[in-house]
>>> print(open('protein-v3.cif').read())   # mmCIF, C-alpha atoms
data_input
#
loop_
_atom_site.label_atom_id
_atom_site.label_comp_id
_atom_site.auth_asym_id
_atom_site.auth_seq_id
_atom_site.Cartn_x
_atom_site.Cartn_y
_atom_site.Cartn_z
CA ALA A 674 60.71 20.04 4.52
CA ARG A 675 59.38 22.90 6.66
CA TYR A 676 61.52 25.81 7.78
CA GLY A 677 60.69 28.45 10.34
CA PRO A 678 60.59 32.11 9.23
CA GLU A 679 63.65 32.89 11.33
CA VAL A 680 65.84 30.67 9.10
CA GLY A 681 65.55 32.96 6.12
CA ALA A 682 66.20 36.04 8.25
CA ARG A 683 69.78 35.14 9.17
CA ALA A 684 72.61 36.14 6.86
CA ALA A 685 74.96 33.26 6.14
CA PRO A 686 78.48 33.90 7.43
CA SER A 687 81.39 33.54 5.06
CA PRO A 688 82.56 29.94 4.60
CA TYR A 689 86.12 31.09 3.84
CA GLY A 690 87.60 31.06 7.33
CA GLY A 691 90.62 28.92 6.53
CA THR A 692 94.22 29.77 5.74
CA ALA A 693 95.02 32.65 3.39
CA HIS A 694 98.36 32.79 1.59
CA PRO A 695 100.58 35.86 1.24
CA PRO A 696 101.06 37.93 -1.91
CA GLY A 697 103.65 36.31 -4.12
CA ALA A 698 102.72 32.74 -3.17
CA VAL A 699 101.39 31.95 -6.65
CA GLU A 700 104.43 33.36 -8.43
CA ALA A 701 106.73 31.42 -6.08
CA ALA A 702 104.82 28.19 -6.69
CA LEU A 703 104.91 28.64 -10.47
CA GLU A 704 108.66 29.28 -10.30
CA GLU A 705 109.10 26.11 -8.24
CA TYR A 706 107.29 24.03 -10.87
CA ALA A 707 108.48 25.97 -13.91
CA GLY A 708 110.00 22.87 -15.51
CA PHE A 709 106.72 21.00 -15.45
CA VAL A 710 103.96 23.48 -16.36
CA GLU A 711 103.26 26.44 -18.60
CA ALA A 712 101.27 29.38 -17.26
CA GLU A 713 99.39 31.93 -19.34
CA TRP A 714 98.84 35.22 -17.51
CA LEU A 715 95.45 36.85 -18.02
CA THR A 716 93.24 39.40 -16.35
CA GLU A 717 90.89 37.83 -13.87
CA ALA A 718 87.85 38.69 -16.01
CA ALA A 719 89.41 37.20 -19.15
CA ALA A 720 90.45 34.05 -17.29
CA ILE A 721 86.93 33.54 -15.95
CA GLU A 722 85.43 33.92 -19.43
CA ARG A 723 88.01 31.53 -20.90
CA THR A 724 87.37 28.99 -18.15
CA ALA A 725 83.59 29.13 -18.65
CA ALA A 726 84.08 28.48 -22.37
CA SER A 727 86.42 25.55 -21.64
CA LEU A 728 83.87 24.03 -19.27
CA ALA A 729 81.13 24.39 -21.88
CA ALA A 730 83.42 22.61 -24.37
CA GLY A 731 83.74 19.59 -22.06
CA GLU A 732 86.99 20.28 -20.23
CA ILE A 733 87.53 19.58 -16.53
CA LEU A 734 89.34 22.33 -14.65
CA ALA A 735 90.82 22.77 -11.20
CA LEU A 736 90.46 26.09 -9.41
CA TRP A 737 92.54 27.71 -6.67
CA ALA A 738 91.52 31.20 -5.55
CA SER A 739 93.32 33.53 -3.18
CA GLY A 740 91.91 34.38 0.22
CA GLY A 741 90.88 32.16 3.10
CA ALA A 742 90.27 28.54 2.19
CA GLU A 743 86.93 26.87 2.76
CA TYR A 744 86.56 26.09 6.47
CA GLY A 745 84.93 22.67 6.54
CA PRO A 746 84.57 19.49 4.51
CA ARG A 747 83.14 20.93 1.27
CA ALA A 748 84.70 22.71 -1.69
CA LEU A 749 82.87 26.01 -2.04
CA GLY A 750 84.63 27.73 -4.92
CA ARG A 751 88.18 28.40 -3.76
CA ARG A 752 89.63 24.88 -3.81
CA SER A 753 87.45 23.14 -6.41
CA ILE A 754 87.48 20.85 -9.42
CA VAL A 755 84.83 22.03 -11.87
CA ALA A 756 83.03 20.49 -14.85
CA ASP A 757 79.94 20.87 -17.04
CA PRO A 758 76.91 19.37 -15.22
CA ARG A 759 75.35 18.45 -18.57
CA ASN A 760 78.23 16.10 -19.36
CA ALA A 761 77.49 12.67 -17.88
CA ALA A 762 80.90 11.41 -19.04
CA ALA A 763 82.58 13.80 -16.61
CA VAL A 764 81.49 11.60 -13.72
CA ASP A 765 83.46 8.62 -14.99
CA ARG A 766 86.50 10.74 -15.81
CA LEU A 767 86.55 12.28 -12.34
CA ASN A 768 85.95 9.08 -10.39
CA ARG A 769 88.34 6.97 -12.47
CA LEU A 770 91.17 9.37 -13.27
CA VAL A 771 91.11 11.98 -10.51
CA LYS A 772 89.36 10.76 -7.38
CA LYS A 773 90.25 7.06 -7.79
CA ARG A 774 87.00 6.00 -6.18
CA GLU A 775 83.89 3.93 -6.81
CA PRO A 776 82.02 4.78 -10.03
CA PHE A 777 78.68 5.31 -8.29
CA ARG A 778 79.92 8.22 -6.14
CA PRO A 779 78.00 11.41 -7.02
CA PHE A 780 79.18 14.97 -7.54
CA ALA A 781 77.57 18.17 -6.32
CA PRO A 782 76.16 21.18 -8.17
CA SER A 783 76.96 24.80 -7.31
CA VAL A 784 74.03 26.90 -8.49
CA LEU A 785 73.33 30.62 -8.54
CA VAL A 786 71.01 31.07 -5.57
CA GLU A 787 68.43 33.07 -7.53
CA HIS A 788 67.95 30.12 -9.91
CA ALA A 789 68.17 27.25 -7.43
CA GLY A 790 64.40 26.79 -7.15
CA GLU A 791 64.12 26.34 -10.92
CA TRP A 792 66.38 23.28 -10.81
CA PHE A 793 65.88 21.72 -7.35
CA GLU A 794 62.89 21.04 -5.14
CA GLY A 795 62.52 22.27 -1.58
CA VAL A 796 65.35 24.80 -1.52
CA PRO A 797 65.16 26.40 1.96
CA PRO A 798 64.70 30.17 2.28
CA SER A 799 68.28 30.51 3.51
CA GLY A 800 69.57 28.49 0.56
CA SER A 801 72.31 25.88 0.95
CA PRO A 802 75.52 27.95 0.99
CA TYR A 803 77.58 25.24 2.69
CA MET A 804 76.45 22.33 0.51
CA SER A 805 74.38 20.97 3.41
CA PHE A 806 71.12 19.83 1.79
CA ALA A 807 70.42 16.92 -0.55
CA LEU A 808 67.35 17.87 -2.60
CA PRO A 809 65.45 16.34 -5.53
CA CYS A 810 66.51 17.47 -9.01
CA LYS A 811 63.72 18.97 -11.10
CA ARG A 812 65.48 18.59 -14.45
CA ARG A 813 67.55 15.49 -13.98
CA ASP A 814 68.01 14.76 -17.68
CA ALA A 815 69.51 18.20 -18.29
CA ILE A 816 72.21 17.92 -15.61
CA PRO A 817 73.03 14.20 -15.28
CA ALA A 818 76.55 14.75 -13.94
CA VAL A 819 75.27 16.21 -10.65
CA CYS A 820 72.16 14.11 -9.99
CA HIS A 821 72.60 10.92 -7.97
CA VAL A 822 70.98 7.63 -8.95
CA ASP A 823 68.06 8.44 -6.61
CA GLY A 824 67.47 11.77 -8.38
CA SER A 825 68.87 13.94 -5.60
CA ALA A 826 71.78 16.39 -5.45
CA ARG A 827 73.67 17.90 -2.52
CA LEU A 828 73.82 21.47 -3.72
CA GLN A 829 75.67 24.65 -2.89
CA THR A 830 73.66 27.78 -3.53
CA VAL A 831 75.98 30.61 -4.56
CA GLY A 832 74.84 33.99 -3.29
CA GLY A 833 76.36 37.06 -1.72
CA GLU A 834 78.30 35.08 0.90
CA ALA A 835 80.29 33.28 -1.79
CA ASP A 836 83.50 34.42 -3.40
CA PRO A 837 82.42 36.89 -6.13
CA ARG A 838 84.86 35.24 -8.55
CA TRP A 839 83.03 31.93 -8.04
CA ARG A 840 79.72 33.63 -8.79
CA ALA A 841 81.24 35.27 -11.85
CA LEU A 842 82.44 31.92 -13.22
CA ILE A 843 79.03 30.28 -12.80
CA ALA A 844 77.32 33.35 -14.27
CA ALA A 845 79.65 33.23 -17.29
CA PHE A 846 78.87 29.54 -17.78
CA PHE A 847 75.15 30.35 -17.49
CA ALA A 848 75.47 33.03 -20.17
CA LEU A 849 77.03 30.51 -22.55
CA THR A 850 74.82 27.49 -21.85
CA GLY A 851 71.58 28.58 -20.19
CA VAL A 852 72.47 26.38 -17.19
CA PRO A 853 73.09 28.40 -13.99
CA LEU A 854 75.22 25.77 -12.25
CA VAL A 855 78.44 23.81 -12.50
CA LEU A 856 79.68 20.48 -11.18
CA ASN A 857 81.83 21.23 -8.15
CA THR A 858 83.96 18.74 -6.23
CA SER A 859 86.81 19.18 -3.78
CA PHE A 860 90.28 19.74 -5.21
CA ASN A 861 92.01 16.59 -4.01
CA THR A 862 93.27 13.88 -6.26
CA ARG A 863 93.23 10.53 -4.49
CA PRO A 864 91.37 8.66 -1.72
CA ALA A 865 91.76 10.05 1.81
CA GLU A 866 93.82 13.02 0.57
CA PRO A 867 92.68 16.35 2.06
CA ILE A 868 91.62 19.30 -0.03
CA VAL A 869 94.58 21.28 -1.39
CA GLU A 870 95.78 24.24 0.64
CA GLY A 871 98.33 26.61 -0.93
CA PRO A 872 99.09 27.23 -4.60
CA ALA A 873 102.15 24.93 -4.57
CA ASN A 874 99.95 22.15 -3.21
CA ALA A 875 97.43 22.87 -5.99
CA LEU A 876 100.16 22.59 -8.63
CA ALA A 877 101.45 19.37 -7.09
CA ALA A 878 97.97 17.83 -7.15
CA PHE A 879 97.41 18.95 -10.75
CA LEU A 880 100.73 17.42 -11.79
CA HIS A 881 99.96 14.21 -9.93
CA VAL A 882 96.92 13.66 -12.15
CA ALA A 883 98.85 14.59 -15.30
CA SER A 884 101.68 12.28 -14.30
CA GLU A 885 99.42 9.29 -13.80
CA ALA A 886 97.81 9.91 -17.18
CA SER A 887 101.21 10.01 -18.90
CA GLY A 888 103.06 7.43 -16.79
CA GLY A 889 105.63 10.03 -15.75
CA GLU A 890 108.23 10.09 -13.02
CA ALA A 891 108.03 11.83 -9.67
CA VAL A 892 108.08 15.62 -9.60
CA SER A 893 110.83 17.16 -7.51
CA GLY A 894 109.30 20.04 -5.64
CA GLY A 895 108.67 21.34 -2.17
CA GLU A 896 105.23 19.76 -1.86
CA ALA A 897 105.69 16.73 -4.11
CA ALA A 898 105.90 14.50 -1.06
CA SER A 899 102.19 15.01 -0.51
CA GLY A 900 101.57 12.75 -3.48
CA ALA A 901 102.21 14.76 -6.60
CA GLY A 902 103.84 12.80 -9.34
CA GLY A 903 105.08 13.18 -12.69
CA SER A 904 107.24 14.31 -15.41
CA ALA A 905 104.22 16.19 -16.69
CA GLN A 906 106.11 18.62 -18.84
CA GLY A 907 104.75 16.72 -21.81
CA GLY A 908 101.30 17.95 -20.79
CA ALA A 909 102.50 21.47 -21.50
CA GLU A 910 104.19 20.70 -24.79
CA GLU A 911 102.66 21.34 -28.16
CA GLY A 912 101.46 17.79 -28.69
CA ALA A 913 99.28 17.91 -25.60
CA GLU A 914 97.14 20.54 -27.28
CA GLU A 915 95.86 17.90 -29.69
CA GLU A 916 95.05 15.17 -27.19
CA SER A 917 91.43 14.32 -26.62
CA ALA A 918 89.89 15.88 -23.50
CA GLU A 919 88.72 12.42 -22.44
CA GLU A 920 92.32 11.16 -22.12
CA GLY A 921 93.28 13.04 -18.97
CA GLY A 922 91.69 13.82 -15.64
CA ILE A 923 92.14 17.60 -15.26
CA ASP A 924 92.75 19.68 -18.35
CA ARG A 925 93.77 23.00 -16.83
CA LEU A 926 94.38 24.69 -13.49
CA LEU A 927 93.12 28.22 -12.88
CA LEU A 928 94.94 30.27 -10.22
CA LEU A 929 93.16 33.48 -9.17
CA LEU A 930 95.52 35.85 -7.35
CA GLY A 931 93.03 38.35 -5.95
CA ASP A 932 94.73 41.41 -7.48
CA GLY A 933 92.97 41.30 -10.84
CA ARG A 934 95.40 38.77 -12.33
CA ALA A 935 95.04 35.06 -13.04
CA ALA A 936 97.28 32.27 -14.29
CA LEU A 937 95.85 29.53 -16.49
CA VAL A 938 98.11 26.50 -16.16
CA ARG A 939 98.52 23.44 -18.32
#
>>> encode(input="protein-v3.cif", output="C-alpha cells")
Amino acid sequence: ARYGPEVGARAAPSPYGGTAHPPGAVEAALEEYAGFVEAEWLTEAAAIERTAASLAAGEILALWASGGAEYGPRALGRRSIVADPRNAAAVDRLNRLVKKREPFRPFAPSVLVEHAGEWFEGVPPSGSPYMSFALPCKRRDAIPAVCHVDGSARLQTVGGEADPRWRALIAAFFALTGVPLVLNTSFNTRPAEPIVEGPANALAAFLHVASEASGGEAVSGGEAASGAGGSAQGGAEEGAEEESAEEGGIDRLLLLLGDGRAALVR
C-alpha cells in the first residue's frame, strides 16, 4: 500500500475516550464479589512483571485498566484478554471456552510500534494504533496464535498514544521472550456480548467463564444479570492452583487502579 507523507505527520489521538470509573470502584467491586474470588494486592510494576511471566508460561489473562475505556469496536489495552502469541493452543482455548465462537476466527496482535516492521509487512508510517490494518505476517511460524489462515494479522501498534501500562506489559513480555507483541482480544465472554465496562462487569465476566468451566451456579451480584455465572469460589481455592492451564478459559484477571496499585484476581 502507498501512503502520502501527510499520514505520518499527524499524531494519533488517544483511543481512550470512553467511560472512566471513579476512585474506589475496584475496591467496591471486589467487595461485592468477595465470596467468589481472591485478590492479591501488588504494586502496578510488580503486577505487570508477574502478568508477563504468566503469559510467557502459557496462561490466558484478562485485563481491566482504570481510565477511559476504548472508544470503538477494538480492545486496545484497557479492556482486553491477553495471551502468548507463540502459543497456537491459545486460539482453541479462547474460541471454545471464552468467546464461544467458530474455531477459525483469528485473534489480533498488539505490537510495540518500534518493532512492528520486523514482524509485519507494509506497516504504514502512522502505525495502526486503532487495530485498523490487516497486514501480512513476516514470521508466521513464530507467532501462530495471531496469524490468520491467509497469513495476515489485524494489528495494533502500541506507541505513545497507548496506555503506558499496556506498553509496559508488552515490553515486559518482550524482555522475557524476545517477542515484542501479545495476543489481544476484546474482554467479552460470549457471542454478541459487548466489551466489559466497569470493574464489577469485568469480575462478572471473569466469573462467568470460571463458572462454565466448573459447572457452577449463578453468581449473585449487581452485574451478574449481564451473563456472569458461577459458584466460582472453587477457582480461588487451593486445589485450583494445581489444575492444568488448559482446563479453563481465563486463568487470572488483572485490575490496574491507576494509583500505582493493582489487584491480581483468581
>>> closest_atom_pairs(input="protein-v3.cif", of="region 707-766 of chain A", to="region 811-816 of chain A", cutoff="9 Å", atoms="only C-alpha atoms", output="tab-separated table")
residue	atom	partner	partner_atom	distance
A:Asp757	CA	A:Ile816	CA	8.4
A:Pro758	CA	A:Ile816	CA	4.9
A:Arg759	CA	A:Ile816	CA	4.3
A:Asn760	CA	A:Ile816	CA	7.3
A:Ala761	CA	A:Ile816	CA	7.8
>>> closest_residue(input="protein-v3.cif", among="A:Leu926, A:Leu937, A:Leu785, A:Val771", to="Glu866 (chain A)", atoms="all atoms listed in the file")
A:Val771
>>> resolve_selection(input="protein-v3.cif", expression="the PyMOL selection byres ((chain A and resi 802) around 7)", output="list in words")
Gly800, Ser801, Tyr803, Met804, Gln829, Thr830 and Val831 of chain A
>>> closest_residue(input="protein-v3.cif", among="A:Pro853, A:Phe777, A:Ala756, A:Ala818", to="Glu791 (chain A)", atoms="only C-alpha atoms")
A:Pro853
>>> atom_distance(input="protein-v3.cif", atom1="CA of Phe709 (chain A)", atom2="CA of Asp924 (chain A)")
14.3 Å
>>> resolve_selection(input="protein-v3.cif", expression="the PyMOL selection byres ((chain A and resi 833) around 10)", output="PyMOL selection string")
chain A and resi 684-687+785-786+802+830-832+834-837+840
>>> closest_residue(input="protein-v3.cif", among="A:Ala935, A:Ala729, A:Leu930, A:Ala762", to="Val852 (chain A)", atoms="only C-alpha atoms")
A:Ala729
>>> resolve_selection(input="protein-v3.cif", expression="the PyMOL selection byres ((chain A and resi 732) around 10)", output="ChimeraX atom specification")
/A:724-731,733-734,755-757,760,763,917-919,921-925
>>> atom_distance(input="protein-v3.cif", atom1="CA of Val784 (chain A)", atom2="CA of Leu854 (chain A)")
4.1 Å
>>> axis_aligned_box(input="protein-v3.cif", around="region 773-786 of chain A", padding_each_side="6 Å", output="lines of an AutoDock Vina configuration file")
center_x = 80.6
center_y = 17.5
center_z = -7.8
size_x = 31.2
size_y = 39.1
size_z = 16.5
>>> atom_distance(input="protein-v3.cif", atom1="CA of Gly824 (chain A)", atom2="CA of Ala845 (chain A)")
26.2 Å
>>> closest_residue(input="protein-v3.cif", among="A:Ala873, A:Leu767, A:Ala738, A:Ala883", to="Glu704 (chain A)", atoms="all atoms listed in the file")
A:Ala873
>>> closest_residue(input="protein-v3.cif", among="A:Ser799, A:His694, A:Pro688, A:Asn857", to="Leu842 (chain A)", atoms="all atoms listed in the file")
A:Asn857
>>> closest_residue(input="protein-v3.cif", among="A:Leu876, A:Ser739, A:Ala718, A:Glu775", to="Pro695 (chain A)", atoms="only C-alpha atoms")
A:Ser739
>>> residues_around(input="protein-v3.cif", residues="Asp932 (chain A)", least_positions_apart="4", cutoff="12 Å", atoms="all atoms listed in the file", output="ChimeraX atom specification")
/A:695-697,699,715-718,738-740,838,928,936
>>> residues_around(input="protein-v3.cif", residues="Cys820 (chain A)", least_positions_apart="6", cutoff="9 Å", atoms="only C-alpha atoms", output="list of chain:residue names")
A:Pro758, A:Pro779, A:Phe780, A:Ala781, A:Pro782, A:Pro809, A:Cys810, A:Arg813, A:Asp814, A:Ala826, A:Arg827
